[in-house]
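Trainee: Below is the file target-v4.cif, which contains mmCIF, C-alpha atoms and all ligand atoms.
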data_upload
#
loop_
_atom_site.label_atom_id
_atom_site.label_comp_id
_atom_site.auth_asym_id
_atom_site.auth_seq_id
_atom_site.Cartn_x
_atom_site.Cartn_y
_atom_site.Cartn_z
CA MET A 29 112.73 80.92 85.16
CA THR A 30 114.06 84.46 84.92
CA ARG A 31 111.73 86.86 86.58
CA ALA A 32 111.79 90.54 85.86
CA PRO A 33 113.23 92.45 88.79
CA HIS A 34 110.37 93.22 91.10
CA THR A 35 109.61 96.83 90.34
CA ALA A 36 109.64 98.85 93.52
CA PRO A 37 106.42 100.86 93.50
CA ASP A 38 107.16 104.47 92.60
CA PRO A 39 105.49 106.76 95.15
CA HIS A 40 104.81 109.30 92.41
CA THR A 41 102.77 106.91 90.34
CA ILE A 42 100.87 105.14 93.10
CA ALA A 43 100.27 108.13 95.32
CA GLY A 44 96.52 107.62 95.42
CA PRO A 45 94.58 104.40 95.62
CA HIS A 46 94.02 102.47 92.42
CA ARG A 47 90.74 102.73 90.55
CA ILE A 48 90.77 101.02 87.18
CA ALA A 49 88.60 100.84 84.08
CA VAL A 50 88.28 97.50 82.30
CA LEU A 51 87.10 97.59 78.69
CA GLY A 52 85.28 94.45 77.55
CA ALA A 53 83.16 92.28 79.86
CA GLY A 54 83.88 88.95 78.15
CA VAL A 55 85.88 86.03 79.49
CA MET A 56 88.96 88.10 80.33
CA GLY A 57 87.31 91.40 81.23
CA ALA A 58 85.14 89.63 83.79
CA GLY A 59 88.12 87.67 85.12
CA ILE A 60 90.40 90.69 85.44
CA THR A 61 87.57 92.62 87.10
CA ALA A 62 87.08 89.81 89.63
CA LEU A 63 90.82 89.78 90.36
CA ALA A 64 90.88 93.55 90.94
CA LEU A 65 87.72 93.61 93.08
CA GLY A 66 89.07 90.72 95.14
CA HIS A 67 92.16 92.80 95.89
CA GLY A 68 90.04 95.75 97.00
CA ILE A 69 90.46 97.78 93.81
CA PRO A 70 87.30 99.49 92.49
CA VAL A 71 86.51 98.84 88.82
CA LEU A 72 84.54 100.62 86.13
CA LEU A 73 83.64 97.84 83.68
CA VAL A 74 82.70 98.95 80.16
CA ASP A 75 81.14 96.83 77.43
CA THR A 76 79.26 98.10 74.39
CA ASP A 77 77.04 95.01 74.55
CA GLU A 78 74.49 95.66 77.28
CA GLU A 79 73.41 92.03 77.56
CA ARG A 80 77.02 90.95 78.01
CA LEU A 81 77.46 93.53 80.72
CA GLY A 82 74.41 92.16 82.51
CA ARG A 83 75.73 88.61 82.43
CA ALA A 84 79.16 89.78 83.61
CA HIS A 85 77.79 90.47 87.11
CA ASP A 86 77.06 86.77 87.60
CA ASP A 87 80.37 85.75 86.02
CA ILE A 88 82.30 88.08 88.31
CA ASP A 89 80.38 86.92 91.37
CA ARG A 90 81.10 83.29 90.50
CA GLU A 91 84.80 83.97 89.93
CA LEU A 92 85.13 85.91 93.18
CA ARG A 93 83.50 83.05 95.06
CA MET A 94 85.70 80.51 93.30
CA ALA A 95 88.80 82.53 94.16
CA GLN A 96 87.67 82.69 97.78
CA LEU A 97 86.96 78.97 97.80
CA LEU A 98 90.47 78.24 96.57
CA GLY A 99 91.98 80.72 99.00
CA THR A 100 93.64 82.85 96.31
CA LEU A 101 92.43 86.23 97.60
CA PRO A 102 93.74 88.21 100.55
CA ALA A 103 91.47 87.45 103.51
CA THR A 104 91.70 90.90 105.03
CA THR A 105 90.96 93.14 102.06
CA GLY A 106 87.35 94.05 101.41
CA THR A 107 85.93 93.70 97.92
CA GLY A 108 86.26 96.75 95.66
CA ALA A 109 83.16 98.47 94.29
CA LEU A 110 81.97 97.55 90.80
CA GLU A 111 80.43 100.03 88.41
CA ALA A 112 79.27 98.99 84.93
CA ALA A 113 78.66 101.16 81.87
CA THR A 114 78.12 100.85 78.13
CA THR A 115 80.26 103.92 77.36
CA THR A 116 83.67 105.20 78.40
CA ASP A 117 82.25 108.53 79.65
CA GLY A 118 83.29 107.73 83.23
CA VAL A 119 86.97 106.87 82.66
CA GLY A 120 88.29 110.42 83.20
CA ASP A 121 89.77 109.91 86.66
CA VAL A 122 90.81 106.25 86.63
CA THR A 123 94.40 105.32 87.50
CA ALA A 124 94.72 102.76 84.69
CA VAL A 125 92.71 101.33 81.82
CA ILE A 126 92.87 97.63 80.99
CA GLU A 127 91.57 96.91 77.51
CA ALA A 128 90.19 93.35 77.09
CA ILE A 129 87.88 93.68 74.08
CA THR A 130 87.58 91.40 71.06
CA GLU A 131 90.90 90.43 69.42
CA VAL A 132 90.39 92.58 66.31
CA THR A 133 92.98 95.27 65.59
CA GLU A 134 90.52 97.88 64.27
CA LEU A 135 88.28 97.58 67.34
CA LYS A 136 91.19 97.87 69.73
CA ALA A 137 92.67 100.81 67.78
CA LYS A 138 89.38 102.70 68.05
CA ALA A 139 88.93 101.89 71.72
CA LEU A 140 92.47 103.03 72.61
CA ALA A 141 92.09 106.27 70.63
CA ASP A 142 88.84 106.95 72.47
CA VAL A 143 90.09 106.33 76.02
CA SER A 144 93.41 108.07 75.48
CA ALA A 145 91.45 111.25 74.72
CA ARG A 146 89.46 110.89 77.96
CA VAL A 147 92.00 109.93 80.64
CA ARG A 148 94.64 112.10 82.27
CA PRO A 149 97.96 112.02 80.36
CA GLY A 150 100.28 109.48 81.97
CA THR A 151 97.47 107.06 82.81
CA PRO A 152 98.66 103.62 81.68
CA LEU A 153 96.60 102.19 78.81
CA ILE A 154 97.09 98.46 79.18
CA SER A 155 96.09 96.12 76.38
CA ASN A 156 95.41 92.49 77.19
CA THR A 157 95.75 91.50 73.53
CA SER A 158 96.88 87.93 72.91
CA SER A 159 98.89 88.62 69.79
CA ILE A 160 98.64 92.12 68.31
CA PRO A 161 101.99 93.93 68.62
CA ILE A 162 101.75 96.64 71.28
CA ASP A 163 103.53 99.24 69.20
CA GLU A 164 100.96 98.77 66.46
CA LEU A 165 98.20 99.58 68.98
CA ALA A 166 100.20 102.38 70.58
CA GLY A 167 100.15 104.27 67.29
CA HIS A 168 96.41 104.80 67.71
CA ALA A 169 96.59 106.35 71.19
CA GLU A 170 97.22 110.05 71.72
CA ARG A 171 100.41 109.25 73.69
CA ALA A 172 102.16 106.08 72.56
CA GLU A 173 104.34 106.11 75.70
CA ASP A 174 101.26 105.40 77.87
CA VAL A 175 100.48 102.12 76.06
CA VAL A 176 101.75 98.78 77.36
CA GLY A 177 100.72 95.14 77.05
CA THR A 178 99.83 92.64 79.74
CA HIS A 179 98.79 89.09 79.18
CA PHE A 180 96.51 87.99 81.97
CA MET A 181 95.37 84.44 81.35
CA ASN A 182 92.15 82.69 82.15
CA PRO A 183 91.27 82.54 85.01
CA PRO A 184 93.33 85.53 86.21
CA TYR A 185 92.74 84.90 89.94
CA LEU A 186 94.31 81.45 89.62
CA ILE A 187 97.33 82.26 87.44
CA PRO A 188 100.04 83.98 89.46
CA THR A 189 102.23 85.24 86.60
CA VAL A 190 101.50 87.92 84.01
CA GLU A 191 103.50 88.46 80.84
CA VAL A 192 104.16 92.20 80.44
CA ILE A 193 104.97 93.50 76.98
CA ARG A 194 107.03 96.63 76.58
CA GLY A 195 106.42 98.26 73.22
CA ALA A 196 109.16 100.21 71.43
CA ARG A 197 107.61 103.48 72.61
CA THR A 198 106.33 102.43 76.06
CA GLY A 199 107.59 104.93 78.66
CA ASP A 200 109.48 104.14 81.89
CA ARG A 201 106.70 105.75 83.90
CA THR A 202 104.17 103.43 82.31
CA MET A 203 106.32 100.38 83.10
CA THR A 204 106.60 101.50 86.73
CA ALA A 205 102.88 102.12 87.02
CA VAL A 206 102.03 98.72 85.54
CA GLY A 207 104.47 97.07 87.94
CA ALA A 208 102.77 98.82 90.86
CA LEU A 209 99.32 97.76 89.71
CA LEU A 210 100.41 94.13 89.29
CA THR A 211 101.95 94.22 92.75
CA ALA A 212 98.63 95.46 94.13
CA LEU A 213 97.01 92.50 92.35
CA ALA A 214 99.62 90.14 93.85
CA ARG A 215 100.79 89.01 90.39
CA GLU A 216 104.37 88.30 89.38
CA GLN A 217 105.43 89.99 86.17
CA VAL A 218 107.79 88.80 83.47
CA VAL A 219 108.68 91.62 81.06
CA VAL A 220 109.30 90.74 77.40
CA ARG A 221 109.83 92.62 74.15
CA ASP A 222 107.16 93.32 71.60
CA ALA A 223 106.44 90.87 68.74
CA PRO A 224 103.35 89.15 67.31
CA GLY A 225 102.07 86.86 70.07
CA PHE A 226 104.97 87.87 72.39
CA VAL A 227 106.00 84.66 74.17
CA THR A 228 103.01 82.74 75.49
CA SER A 229 100.61 83.08 72.53
CA ARG A 230 103.43 82.59 70.02
CA VAL A 231 104.25 79.25 71.62
CA LEU A 232 100.86 78.07 72.91
CA HIS A 233 98.45 78.97 70.12
CA PRO A 234 100.16 77.13 67.22
CA MET A 235 100.54 74.15 69.58
CA ILE A 236 96.79 74.12 70.25
CA ASN A 237 96.20 74.51 66.49
CA ASP A 238 98.34 71.40 65.92
CA ALA A 239 96.48 69.50 68.62
CA ALA A 240 93.20 70.32 66.85
CA ARG A 241 94.71 69.28 63.52
CA VAL A 242 95.63 65.91 64.96
CA VAL A 243 91.97 65.40 65.89
CA GLN A 244 90.85 66.69 62.48
CA GLU A 245 93.10 64.15 60.75
CA GLY A 246 91.56 61.33 62.79
CA THR A 247 94.79 60.36 64.53
CA ALA A 248 93.21 60.57 67.97
CA SER A 249 90.21 61.90 69.86
CA ALA A 250 90.37 65.16 71.80
CA GLU A 251 90.34 63.12 75.01
CA ALA A 252 93.31 61.05 73.84
CA VAL A 253 95.31 64.11 72.76
CA ASP A 254 94.76 65.79 76.12
CA ALA A 255 95.45 62.58 78.05
CA LEU A 256 98.82 62.20 76.28
CA MET A 257 99.81 65.83 76.65
CA GLU A 258 98.90 65.68 80.34
CA GLY A 259 100.11 62.21 81.20
CA CYS A 260 103.34 62.15 79.17
CA LEU A 261 104.30 65.80 78.88
CA GLY A 262 102.91 67.29 82.06
CA HIS A 263 100.64 69.87 80.39
CA PRO A 264 98.33 71.04 83.21
CA THR A 265 94.96 70.76 81.45
CA GLY A 266 95.65 69.44 77.94
CA PRO A 267 95.72 71.73 74.87
CA LEU A 268 92.13 71.13 73.76
CA ARG A 269 90.63 71.67 77.20
CA THR A 270 92.73 74.84 77.20
CA ALA A 271 91.17 75.82 73.84
CA ASP A 272 87.74 75.46 75.45
CA LEU A 273 88.84 77.60 78.36
CA ILE A 274 90.25 80.34 76.11
CA GLY A 275 87.22 80.41 73.78
CA ILE A 276 87.70 78.97 70.28
CA ASP A 277 86.57 82.20 68.56
CA ASN A 278 89.22 84.14 70.42
CA LEU A 279 91.82 81.48 69.66
CA VAL A 280 91.03 81.68 65.93
CA ASP A 281 91.25 85.49 66.00
CA SER A 282 94.63 85.26 67.69
CA LEU A 283 95.91 82.63 65.23
CA ARG A 284 94.85 84.89 62.35
CA VAL A 285 96.78 87.79 63.83
CA LEU A 286 99.82 85.52 64.22
CA HIS A 287 99.51 84.07 60.73
CA GLN A 288 99.16 87.48 59.07
CA ARG A 289 102.11 88.95 60.90
CA THR A 290 104.58 86.03 60.96
CA GLY A 291 103.67 84.15 57.76
CA ASP A 292 104.05 80.94 59.78
CA GLU A 293 101.70 78.39 58.17
CA GLY A 294 101.45 76.57 61.50
CA CYS A 295 99.45 79.57 62.72
CA ARG A 296 96.76 79.33 60.01
CA PRO A 297 93.68 78.22 62.00
CA CYS A 298 92.83 74.63 61.02
CA ASP A 299 89.45 73.64 59.58
CA LEU A 300 88.24 71.93 62.74
CA LEU A 301 88.69 75.15 64.74
CA LEU A 302 86.93 77.16 62.01
CA ASP A 303 84.05 74.64 61.94
CA LYS A 304 83.61 74.88 65.68
CA VAL A 305 83.38 78.67 65.47
CA ARG A 306 80.80 78.41 62.64
CA GLN A 307 78.74 76.02 64.74
CA GLY A 308 78.93 78.27 67.78
CA GLU A 309 80.83 75.60 69.73
CA LEU A 310 83.15 78.11 71.33
CA GLY A 311 84.13 76.16 74.45
CA ARG A 312 83.16 76.65 78.06
CA LYS A 313 81.50 79.99 77.45
CA THR A 314 78.84 78.40 75.21
CA GLY A 315 78.70 75.07 77.08
CA ARG A 316 80.33 73.07 74.29
CA GLY A 317 83.64 73.06 72.39
CA PHE A 318 85.92 70.05 72.24
CA TYR A 319 84.04 68.92 75.36
CA ALA A 320 80.48 69.40 76.64
CA TYR A 321 79.99 71.40 79.85
CA GLN A 322 76.26 71.43 80.48
CA GLU A 323 75.28 71.08 84.10
CA GLU A 324 73.42 67.98 85.13
CA ASN A 325 71.06 68.79 87.94
CA MET B 30 64.33 70.74 117.12
CA SER B 31 65.41 70.12 113.55
CA ASP B 32 63.42 68.43 110.83
CA PHE B 33 66.56 68.20 108.72
CA ASP B 34 66.76 64.98 106.73
CA THR B 35 70.44 64.05 106.72
CA GLU B 36 69.96 60.88 104.76
CA ALA B 37 67.96 62.49 101.96
CA THR B 38 70.48 65.33 101.71
CA GLU B 39 73.40 62.91 101.45
CA LYS B 40 71.52 60.91 98.87
CA GLU B 41 70.86 63.94 96.71
CA ILE B 42 74.50 65.08 96.88
CA LEU B 43 75.70 61.56 96.00
CA ARG B 44 73.27 61.44 93.08
CA PHE B 45 74.62 64.74 91.71
CA LEU B 46 78.24 63.67 92.22
CA GLU B 47 77.72 60.37 90.46
CA ALA B 48 75.89 61.99 87.55
CA ARG B 49 78.62 64.58 87.08
CA THR B 50 81.68 62.40 87.65
CA LYS B 51 80.40 59.05 86.35
CA ARG B 52 81.69 57.22 89.40
CA ALA B 53 80.47 56.13 92.80
CA TRP B 54 81.49 57.89 96.03
CA GLU B 55 81.31 57.17 99.77
CA THR B 56 79.95 59.86 102.08
CA ASP B 57 83.30 60.18 103.86
CA THR B 58 85.64 60.13 100.84
CA ASP B 59 87.80 63.24 100.40
CA LEU B 60 86.70 64.27 96.91
CA PHE B 61 89.78 66.41 96.32
CA ALA B 62 92.42 63.99 97.60
CA SER B 63 94.89 62.73 95.01
CA GLY B 64 93.18 60.71 92.32
CA GLY B 65 89.97 62.60 93.10
CA LEU B 66 88.37 65.67 91.60
CA SER B 67 89.95 68.96 90.61
CA SER B 68 89.36 71.65 93.20
CA LEU B 69 87.74 73.66 90.39
CA PHE B 70 84.83 71.22 90.66
CA ALA B 71 84.11 72.63 94.12
CA MET B 72 82.36 75.59 92.53
CA GLU B 73 79.92 73.27 90.78
CA LEU B 74 79.17 71.76 94.16
CA VAL B 75 78.55 75.21 95.64
CA VAL B 76 76.15 76.10 92.82
CA HIS B 77 74.37 72.76 93.06
CA LEU B 78 73.90 72.93 96.84
CA GLU B 79 72.51 76.45 96.53
CA LYS B 80 70.01 75.40 93.88
CA ALA B 81 69.00 72.03 95.30
CA PHE B 82 68.63 73.14 98.94
CA ALA B 83 67.78 76.83 98.57
CA VAL B 84 70.74 78.02 100.63
CA SER B 85 73.34 80.69 99.95
CA VAL B 86 77.00 79.93 100.61
CA ARG B 87 78.85 83.17 101.37
CA GLY B 88 81.81 84.63 103.20
CA ALA B 89 83.75 82.36 105.52
CA ASP B 90 81.66 79.33 104.48
CA LEU B 91 83.35 79.43 101.08
CA ARG B 92 86.15 77.12 102.20
CA LEU B 93 87.23 74.02 100.34
CA ASP B 94 87.06 72.04 103.60
CA ASN B 95 83.29 72.47 103.66
CA PHE B 96 83.06 70.63 100.33
CA ARG B 97 85.59 67.87 100.88
CA THR B 98 83.14 65.10 101.70
CA VAL B 99 79.44 64.45 101.26
CA GLU B 100 79.22 64.50 105.06
CA SER B 101 80.81 67.94 105.39
CA MET B 102 78.51 69.31 102.67
CA THR B 103 75.49 67.86 104.44
CA GLU B 104 76.56 69.50 107.70
CA LEU B 105 76.95 72.80 105.90
CA VAL B 106 73.50 72.56 104.32
CA ASP B 107 71.99 71.66 107.69
CA ARG B 108 73.64 74.65 109.36
CA LEU B 109 72.70 77.08 106.57
CA ARG B 110 69.10 75.91 106.51
CA THR B 111 68.85 76.30 110.26
CA THR B 112 70.26 79.83 110.19
CA SER B 113 68.06 80.95 107.32
CA ALA B 114 65.01 79.43 109.03
CA GLY B 115 65.94 81.53 112.06
CA GLY B 116 65.85 84.58 109.80
CA THR B 117 69.52 85.48 110.12
CA GLY B 118 70.82 83.65 107.09
CA ALA B 119 72.54 84.98 103.98
N1 LIG A 401 90.23 84.10 76.49
C1 LIG A 401 91.47 83.99 76.93
O1 LIG A 401 91.84 82.96 77.52
C2 LIG A 401 92.45 85.11 76.75
C3 LIG A 401 93.68 85.04 77.42
C4 LIG A 401 94.57 86.10 77.30
C5 LIG A 401 94.24 87.18 76.52
N2 LIG A 401 93.03 87.24 75.86
C6 LIG A 401 92.72 88.44 75.09
O2 LIG A 401 91.86 89.25 75.87
C7 LIG A 401 90.97 89.98 75.03
C8 LIG A 401 89.53 89.64 75.36
O3 LIG A 401 89.30 88.26 75.13
P1 LIG A 401 88.02 87.49 75.64
O4 LIG A 401 88.32 86.06 75.52
O5 LIG A 401 87.60 88.07 76.94
O6 LIG A 401 86.96 87.91 74.52
P2 LIG A 401 85.36 87.84 74.57
O7 LIG A 401 84.92 87.64 73.19
O8 LIG A 401 84.93 86.88 75.63
O9 LIG A 401 84.93 89.30 75.08
C9 LIG A 401 85.18 90.49 74.37
C10 LIG A 401 84.18 91.54 74.83
O10 LIG A 401 84.56 92.83 74.30
C11 LIG A 401 83.37 93.54 74.03
N3 LIG A 401 83.68 94.68 73.15
C12 LIG A 401 83.96 94.67 71.83
N4 LIG A 401 84.25 95.93 71.41
C13 LIG A 401 84.18 96.73 72.51
C14 LIG A 401 84.41 98.13 72.74
N5 LIG A 401 84.77 98.95 71.75
N6 LIG A 401 84.26 98.61 73.99
C15 LIG A 401 83.90 97.79 75.02
N7 LIG A 401 83.68 96.47 74.85
C16 LIG A 401 83.82 95.95 73.62
C17 LIG A 401 82.45 92.49 73.44
O11 LIG A 401 81.10 92.91 73.52
C18 LIG A 401 82.75 91.28 74.34
O12 LIG A 401 81.89 91.24 75.46
C19 LIG A 401 91.37 89.62 73.61
O13 LIG A 401 92.29 90.54 73.14
C20 LIG A 401 92.00 88.25 73.78
O14 LIG A 401 92.88 87.96 72.70
C21 LIG A 401 92.13 86.22 75.98
#
Rewrite the coordinates I just gave you, this time as structure tokens.
Ligand SMILES: NC(=O)c1ccc[n+]([C@@H]2O[C@H](COP(=O)([O-])OP(=O)(O)OC[C@H]3O[C@@H](n4cnc5c(N)ncnc54)[C@H](O)[C@@H]3O)[C@@H](O)[C@H]2O)c1

Mentor:
Amino acid sequence: MTRAPHTAPDPHTIAGPHRIAVLGAGVMGAGITALALGHGIPVLLVDTDEERLGRAHDDIDRELRMAQLLGTLPATTGTGALEAATTTDGVGDVTAVIEAITEVTELKAKALADVSARVRPGTPLISNTSSIPIDELAGHAERAEDVVGTHFMNPPYLIPTVEVIRGARTGDRTMTAVGALLTALAREQVVVRDAPGFVTSRVLHPMINDAARVVQEGTASAEAVDALMEGCLGHPTGPLRTADLIGIDNLVDSLRVLHQRTGDEGCRPCDLLLDKVRQGELGRKTGRGFYAYQEEN
Amino acid sequence: MSDFDTEATEKEILRFLEARTKRAWETDTDLFASGGLSSLFAMELVVHLEKAFAVSVRGADLRLDNFRTVESMTELVDRLRTTSAGGTGA
């Protein structure tokens, strides 16, 4: 694997300690927040949905404990302080913003326009979009050069590598600052160019769509598909268990973005995925997707 | 003096394990050894122990080794219940 050269932290951009804002307290926002807190970085977590924000505290606590259990956090660093809010009023002095809201272009465009007007110029605005081209999002921020993509995956504390997407207008300073932040989070970065779905979503999401289609066509059960992909091809969790981990609603949103922008018919979300979203069977986060996750006590 | 019921605790943990994994376990089997459970399952064990035995697993106790066998989990529960009964727990 070719790794991006490890960016030496630039003293000008990491002069002070990190303090980040995370937008969106869903699956990824909670996970990224847990990763940052576990590395001693304070977080302002913003979600417009107050109930979601409330539940995020438990999610973050569980992820931090899981990370500790698996020994993936530095033992010596204390946990960063968490602040939660339903508005972005408090983002003025953060050192970076990580946007992890719903995978809908209009929502992300609005959120980036809003925060870019509130932070200090030069503060990296990092989108964790799965598939929306970064340059498309950058056009909505006040300074396109501050916008960059990262692709943390679920669960962030367990996945050591982060895909970093450099948009056509992303500035060198922003790339350096993102590199420094990822170093502080003990993540490896692999820098790629901008395109719909970049590398990982472009390859993984149509594959999961195909795996669901195979089930839809009655060729095999979800268990059989995953067992073959794991046992014969070495996939770590199987594509359909991965769909449950991602969240099937988010997967469908991402496939739509890919389909619209590439015209690739393989990216049109299949009926089985659409049915699951209609039935609220979104995967782990709702307790049922391709598999059932309810606790038996 | 402890009124801790080791046998009942082991029994309850075995019951939970068998319900969740659909297979039988011995009290000294390493659950996470090869062919066993994913280490991600450890968090379910943490949550279950906390609920079933009214303990709180925090800090240095959050180590996979404490959850490797039914015996090690029982020891942990015993220790945590003793400390919290002494008023210094959690
Ligand atoms: N789920 C994954 O495995 C995964 C992996 C990599 C990247 N992503 C990407 O990360 C992003 C978040 O995905 P997710 O799975 O966490 O989604 P999610 O649906 O779990 O959470 C999204 C959250 O954003 C909130 N939100 C919506 N608009 C907002 C706004 N304007 N301000 C603040 N909060 C707002 C929603 O209330 C919700 O809580 C998406 O872009 C997704 O494509 C997801």

Trainee: Tell me, as a list in words, which residues lie within 10 Å of Leu74 in chain B, counting all atoms listed in the file; anything in the same chain fewer than 2 positions away does not count.

Mentor: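 Counting only the stated atoms, we get Ile42, Phe45, Leu46, Leu69, Phe70, Ala71, Met72, Val76, His77, Leu78, Glu79, Lys80, Phe96 and Met102 of chain B.
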
Trainee: Give me, as JSON lines, the closest atom pair and its distance (Å, one decimal) for every residue of chain A within a cut-off of 12 Å of chain B, counting all atoms listed in the file, rows sorted by chain and rising number.

Mentor:
{"residue": "A:Asp86", "atom": "CA", "partner": "B:Val76", "partner_atom": "CA", "distance": 11.9}
{"residue": "A:Asp89", "atom": "CA", "partner": "B:Arg87", "partner_atom": "CA", "distance": 10.8}
{"residue": "A:Arg90", "atom": "CA", "partner": "B:Met72", "partner_atom": "CA", "distance": 8.1}
{"residue": "A:Glu91", "atom": "CA", "partner": "B:Met72", "partner_atom": "CA", "distance": 9.1}
{"residue": "A:Leu92", "atom": "CA", "partner": "B:Leu91", "partner_atom": "CA", "distance": 10.4}
{"residue": "A:Arg93", "atom": "CA", "partner": "B:Leu91", "partner_atom": "CA", "distance": 7.0}
{"residue": "A:Met94", "atom": "CA", "partner": "B:Met72", "partner_atom": "CA", "distance": 6.0}
{"residue": "A:Ala95", "atom": "CA", "partner": "B:Leu91", "partner_atom": "CA", "distance": 9.3}
{"residue": "A:Gln96", "atom": "CA", "partner": "B:Leu91", "partner_atom": "CA", "distance": 6.3}
{"residue": "A:Leu97", "atom": "CA", "partner": "B:Arg92", "partner_atom": "CA", "distance": 4.8}
{"residue": "A:Leu98", "atom": "CA", "partner": "B:Leu93", "partner_atom": "CA", "distance": 6.5}
{"residue": "A:Gly99", "atom": "CA", "partner": "B:Arg92", "partner_atom": "CA", "distance": 7.6}
{"residue": "A:Thr100", "atom": "CA", "partner": "B:Arg92", "partner_atom": "CA", "distance": 11.1}
{"residue": "A:Leu101", "atom": "CA", "partner": "B:Leu91", "partner_atom": "CA", "distance": 11.9}
{"residue": "A:Ala103", "atom": "CA", "partner": "B:Ala89", "partner_atom": "CA", "distance": 9.5}
{"residue": "A:Thr104", "atom": "CA", "partner": "B:Ala89", "partner_atom": "CA", "distance": 11.7}
{"residue": "A:Gly106", "atom": "CA", "partner": "B:Gly88", "partner_atom": "CA", "distance": 11.1}
{"residue": "A:Thr107", "atom": "CA", "partner": "B:Gly88", "partner_atom": "CA", "distance": 11.3}
{"residue": "A:Pro183", "atom": "CA", "partner": "B:Leu69", "partner_atom": "CA", "distance": 11.0}
{"residue": "A:Leu186", "atom": "CA", "partner": "B:Leu69", "partner_atom": "CA", "distance": 10.2}
{"residue": "A:Pro264", "atom": "CA", "partner": "B:Ser67", "partner_atom": "CA", "distance": 11.4}
{"residue": "A:Thr265", "atom": "CA", "partner": "B:Ser67", "partner_atom": "CA", "distance": 10.6}
{"residue": "A:Ala320", "atom": "CA", "partner": "B:Arg49", "partner_atom": "CA", "distance": 11.6}
{"residue": "A:Tyr321", "atom": "CA", "partner": "B:Arg49", "partner_atom": "CA", "distance": 10.0}
{"residue": "A:Gln322", "atom": "CA", "partner": "B:Arg49", "partner_atom": "CA", "distance": 9.8}
{"residue": "A:Glu323", "atom": "CA", "partner": "B:Arg49", "partner_atom": "CA", "distance": 7.9}
{"residue": "A:Glu324", "atom": "CA", "partner": "B:Arg49", "partner_atom": "CA", "distance": 6.5}
{"residue": "A:Asn325", "atom": "CA", "partner": "B:Phe45", "partner_atom": "CA", "distance": 6.6}

Trainee: First collect every listed atom of range 183-196 of chain A; then fit an axis-aligned box around them, widen it by 8 Å on each side, and give centre and edge lengths in Å to one decimal, as lines of an AutoDock Vina configuration file.

Mentor:
center_x = 100.2
center_y = 90.8
center_z = 80.7
size_x = 33.9
size_y = 34.8
size_z = 34.5

Trainee: Check which residues fall inside 6 Å of ligand LIG 401 (chain A) when counting only C-alpha atoms and all ligand atoms, and print them as a CSV table (one decimal) with C-alpha atoms, in the coordinates of the input.

Mentor:
chain,number,residue,atom,x,y,z
A,51,LEU,CA,87.1,97.6,78.7
A,52,GLY,CA,85.3,94.4,77.6
A,53,ALA,CA,83.2,92.3,79.9
A,54,GLY,CA,83.9,89.0,78.2
A,55,VAL,CA,85.9,86.0,79.5
A,56,MET,CA,89.0,88.1,80.3
A,57,GLY,CA,87.3,91.4,81.2
A,74,VAL,CA,82.7,99.0,80.2
A,75,ASP,CA,81.1,96.8,77.4
A,76,THR,CA,79.3,98.1,74.4
A,77,ASP,CA,77.0,95.0,74.6
A,80,ARG,CA,77.0,91.0,78.0
A,128,ALA,CA,90.2,93.4,77.1
A,129,ILE,CA,87.9,93.7,74.1
A,130,THR,CA,87.6,91.4,71.1
A,131,GLU,CA,90.9,90.4,69.4
A,135,LEU,CA,88.3,97.6,67.3
A,139,ALA,CA,88.9,101.9,71.7
A,156,ASN,CA,95.4,92.5,77.2
A,157,THR,CA,95.8,91.5,73.5
A,158,SER,CA,96.9,87.9,72.9
A,179,HIS,CA,98.8,89.1,79.2
A,180,PHE,CA,96.5,88.0,82.0
A,181,MET,CA,95.4,84.4,81.4
A,182,ASN,CA,92.2,82.7,82.2
A,274,ILE,CA,90.2,80.3,76.1
A,275,GLY,CA,87.2,80.4,73.8
A,278,ASN,CA,89.2,84.1,70.4
A,282,SER,CA,94.6,85.3,67.7

Trainee: To one decimal in Å, tell me the separation between CA of Thr189 in chain A and CA of Leu66 in chain B.

Mentor: 24.5 Å

Trainee: Contacts of Asp57 in chain B at 10 Å or less, counting all atoms listed in the file, minus same-chain residues fewer than 3 places along, as a PyMOL selection string?

Mentor: chain B and resi 54+60+97-101

Trainee: Quick one: residues within 12 Å of Phe226 in chain A, only C-alpha atoms counted, chain neighbours fewer than 2 positions away excluded, as number ranges by chain?

Mentor: A: 156-163, 177-179, 191-195, 218-224, 228-233, 282, 285-286, 289-290

Trainee: Using all atoms listed in the file, can you tell me which of B:Glu47, B:Glu55, B:Glu41, B:Asp32 comes closest to Thr111 in chain B?

Mentor: B:Asp32

Trainee: Residues at most 10 Å from Ala112 in chain A, counting only C-alpha atoms, excluding those fewer than 2 positions away in the same chain, as a list in words?

Mentor: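 Returned residues: Ala49, Val50, Ala53, Val71, Leu72, Leu73, Val74, Asp75, Glu78, Leu81, Gly82, Ala84, His85, Leu110, Thr114, Thr115 and Gly118 of chain A.
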
Trainee: Nearest to Leu310 in chain A: which of A:Ala214, A:Val280, A:Ile69, A:Leu209 is it, counting only C-alpha atoms?

Mentor: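 Closest candidate: A:Val280.
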
Trainee: If I take CA of Ser155 in chain A and CA of Val176 in chain A, how far is one from the other in Å, to one decimal?

Mentor: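 Computing it gives 6.3 Å between the two atoms.
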
Trainee: Quote the spacing between CA of Ala250 in chain A and CA of Pro267 in chain A in Å to one decimal place.

Mentor: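 Computed distance, CA of Ala250 in chain A to CA of Pro267 in chain A, equals 9.0 Å.
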
Trainee: Report as JSON, numbers by chain all protein, DNA and RNA residues lying within 12 Å of range 255-263 of chain A, evaluated on only C-alpha atoms, omitting residues in the same chain fewer than 6 positions from it.

Mentor: {"A": [232, 235, 236, 239, 248, 249, 269, 270]}
